[in-house]
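Everything on this sheet refers to the single structure shown next.
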Amino acid sequence: MSEYLKKNGYNDAFALLTNNSQTMTTLYPTDNDITTSEVKKAVELLKNAIEAFYGSYNIGSKVDVTLAPVAAEFKSPSPYRFPQGAYSTVDALLDKAYARDEYLTILPNTEVLSVSYHTDSKTNTTDSLTVRTLSNQQIGQIDAKGGVILCAGTVGTAKIALNSGISKINSLVGKGLTDHEIWGVRFLKGKDENKKLKDPLKLQSEITICGVTALLNVVVNANTFLGSGSASFNQPTQYFDKKGKLLAGPPSGWFQGKAANSTEYDTVNVTLEYSAELLDTSEVLNTPTPNPVIYARRPGPRQDENSQKEMQDLATEIRDYILDLDDLDEPAPRLSLAGFGLVAHEVGTMRLQIPGSRTGYVVEDSYQVRNFQGLYVCDLSIFPVSPPANPSLTLAALSLQLANDLVAN
């Protein structure tokens with residue numbers, strides 16, 4: 001699977017999600033006014049910041065900064081100003097729905113409760129789906145002998161599997177719930193008319209913090225909840241006037257969220273994302289409740305002084321280079337840890353088979369549930385580890401692989 005992702009998977013998924021409009025190396029969307037030279041300037045600034053950080057810690061490592069592909073969620077009523085590199089994960093589905101594709105039927109306001117199956121010679125074969133309409137709570141059956149692909153999400157798919165009694169066949173169903181570890185800090189500075197950073201941009205790079213690899217994301221002037229604030233993620237923020245003087249608090253008249261869309265300020269958001277192993281002690285509980293119930297905990301985060309100090313020093317270098325604050329002696333604030341599940345990247349409750357393993361998994365590497373015929377899973381629940389990067393593009397690539405395999409067979 002890893003070979004598939006490296007060879008074709010990511011490029012094919014990105015082409016699909018961007019309507020085949022570009023490759024990973026070109027700009028998207030094309031209707032933005034950002035230029036290649038502006039992107040190159042921002043990349044160079046970030047590279048310089050990382051190299052300065054590495055130099056202060058005597059870390060010898062190649063610095064590679066790229067435009068970050070990011071799944072964009074379209075929200076109303078406020079227009080969403082996307083960072084360069086954004087794509088939609090719903091466009092392909094909407095295109096088929098509007099075109100009345102004969103192979104696509106959407107049942108709105110209908111909830112899948114469980115999967116029915118029969119057992120023959122130790123093999124379980126899918127028969128039907130039990131569904132419930134949300135409008136009048138009627139329960140019915142849908143023939144599923146042609147096969148079922150569960151993709152209700154890490155929590156939803158596990159709940160369906162638990163309702164179906166699959167945990168009696170495989171005790172790992174519902175267990176392993178985890179999320180990647182995200183640390184963040186942000187900066188706001190009054191715009192210097194001679195040094196504009198007005199265009200939305202998201203850059204990324206692999207970074208080494210205390211010998212551990214993390215994914216660095218730097219978002220400039222983009223309307224992202226990590227950049228504009230969140231009740232669940234109280235990131236520390238430093239405010240500067242246009243001359244670079246550190247302010248004691250938000251500028252007069254400024255309110256939460258305004259800066260990301262304002263022409264008066266530049267915002268820079270720095271986040272670090274670490275991978276996380278699955279936790280068998282965290283799970284979707286098998287309870288007879290209408291909504292899923294979870295028990296979640298995360299392992300002790302990297303609260304040690306060395307990691308905190310290195311993350312802070314990295315953020316300081318990035319702030320000073322991108323916002324042109326070379327003469328500032330004030331360090332950046334310490335980064336804060338996002339709450340569990342804040343970004344909805346939970347994974348692991350229907351874990352995928354690791355190559356060469358014969359036990360310890362729920363879903364085979366063919367995406368079929370172990371010891372089942374005609375029952376597949378393809379959503380974040382199958383991830384056997386929580387990667388540092390946001391998982392949307394990986395999931396899209398996996399879904400393409402499953403689709404191609406099913407068509408071929």
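Residue names in the structure tokens use chain letters A, B, ... in the order shown, residue numbers from 1 in each chain, and ligand numbers from 1 in the order shown.
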* Would you list, as a PyMOL selection string, the residues of region 110-309 of chain A that end up in strand (DSSP E or B) under DSSP run on this structure's backbone? => chain A and resi 110-120+123-133+139-143+148-150+175-176+178+181-190+201-209+212-220+230+233+237-240+246-247+265-274+276-277+279-285+293-295
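Using only C-alpha atoms, the contacts of region 295-297 of chain A at a cut-off of 8 Å, with sequence neighbours closer than 4 positions omitted, comprise A:Leu177, A:Thr178, A:Thr281, A:Ser282, A:Glu283, A:Val284, A:Leu285, A:Phe340.
Minimum distance to Glu38 (chain A) across A:Pro250, A:Pro288, A:Pro200, A:Pro236 (counting only C-alpha atoms) occurs at A:Pro200.
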* Using only C-alpha atoms, pick whichever of A:Ile166, A:Cys210, A:Ala276, A:Gln235 has the shortest atom-to-atom distance to Arg370 (chain A). =>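 Smallest separation from Arg370 (chain A) among the options: A:Ile166.
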* Structure fact -> Pairwise distance, CA of Thr157 (chain A) with CA of Ala97 (chain A), equals 23.1 Å
Non-local contacts of Phe187 (chain A) (6 Å; only C-alpha atoms; under 2 positions in same chain excluded) as a compact mmCIF listing (two decimals) with N, CA and C atoms, in the first residue's frame:
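For reference, around-v4.txt as written:
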```txt
# COMPACT_ATOMS: atom_id res chain seq x y z
N THR A 237 -1.14 34.09 21.46
CA THR A 237 -1.01 35.00 20.32
C THR A 237 -0.18 36.20 20.72
N GLN A 238 0.73 36.61 19.83
CA GLN A 238 1.46 37.86 20.01
C GLN A 238 0.96 38.88 18.99
N THR A 267 -1.42 37.84 9.45
CA THR A 267 -1.44 36.81 10.48
C THR A 267 -0.56 35.64 10.05
N VAL A 268 0.13 35.08 10.99
CA VAL A 268 0.96 33.91 10.75
C VAL A 268 0.64 32.90 11.84
```
Shell around Gly374 (chain A) at 7 Å using only C-alpha atoms, local window under 2 positions removed, as a PDB file with C-alpha atoms, in the first residue's frame:
```
ATOM      1  CA  THR A 125     -21.343 -13.069   4.292  1.00  0.00           C
ATOM      2  CA  THR A 126     -23.095  -9.693   4.190  1.00  0.00           C
ATOM      3  CA  GLY A 146     -23.730  -7.052  -3.638  1.00  0.00           C
ATOM      4  CA  GLY A 147     -21.439  -5.836  -0.886  1.00  0.00           C
ATOM      5  CA  VAL A 148     -21.202  -2.930   1.535  1.00  0.00           C
ATOM      6  CA  PHE A 372     -16.135 -11.414   6.105  1.00  0.00           C
ATOM      7  CA  TYR A 376     -15.457  -3.367   3.305  1.00  0.00           C
TER       8      TYR A 376
END
```
* Asked: How far is it from CA of Lys245 (chain A) to CA of Tyr321 (chain A), in Å with one decimal?
  ->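 Pair CA of Lys245 (chain A) / CA of Tyr321 (chain A) returns 15.1 Å.
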* Which parts of region 85-327 of chain A does DSSP call helix (DSSP H, G or I) when run on the backbone here, written out as number ranges by chain? -> A: 91-98, 153-163, 166-168, 225-228, 259-261, 305-322
* **Distance query region 327-335 of chain A at most 8 Å, only C-alpha atoms, self and fewer than 4 positions along chain excluded, as JSON, numbers by chain** => {"A": [183, 184, 185, 235, 236, 237, 238, 244, 308, 309, 311, 312, 313, 315, 316, 319, 320]}
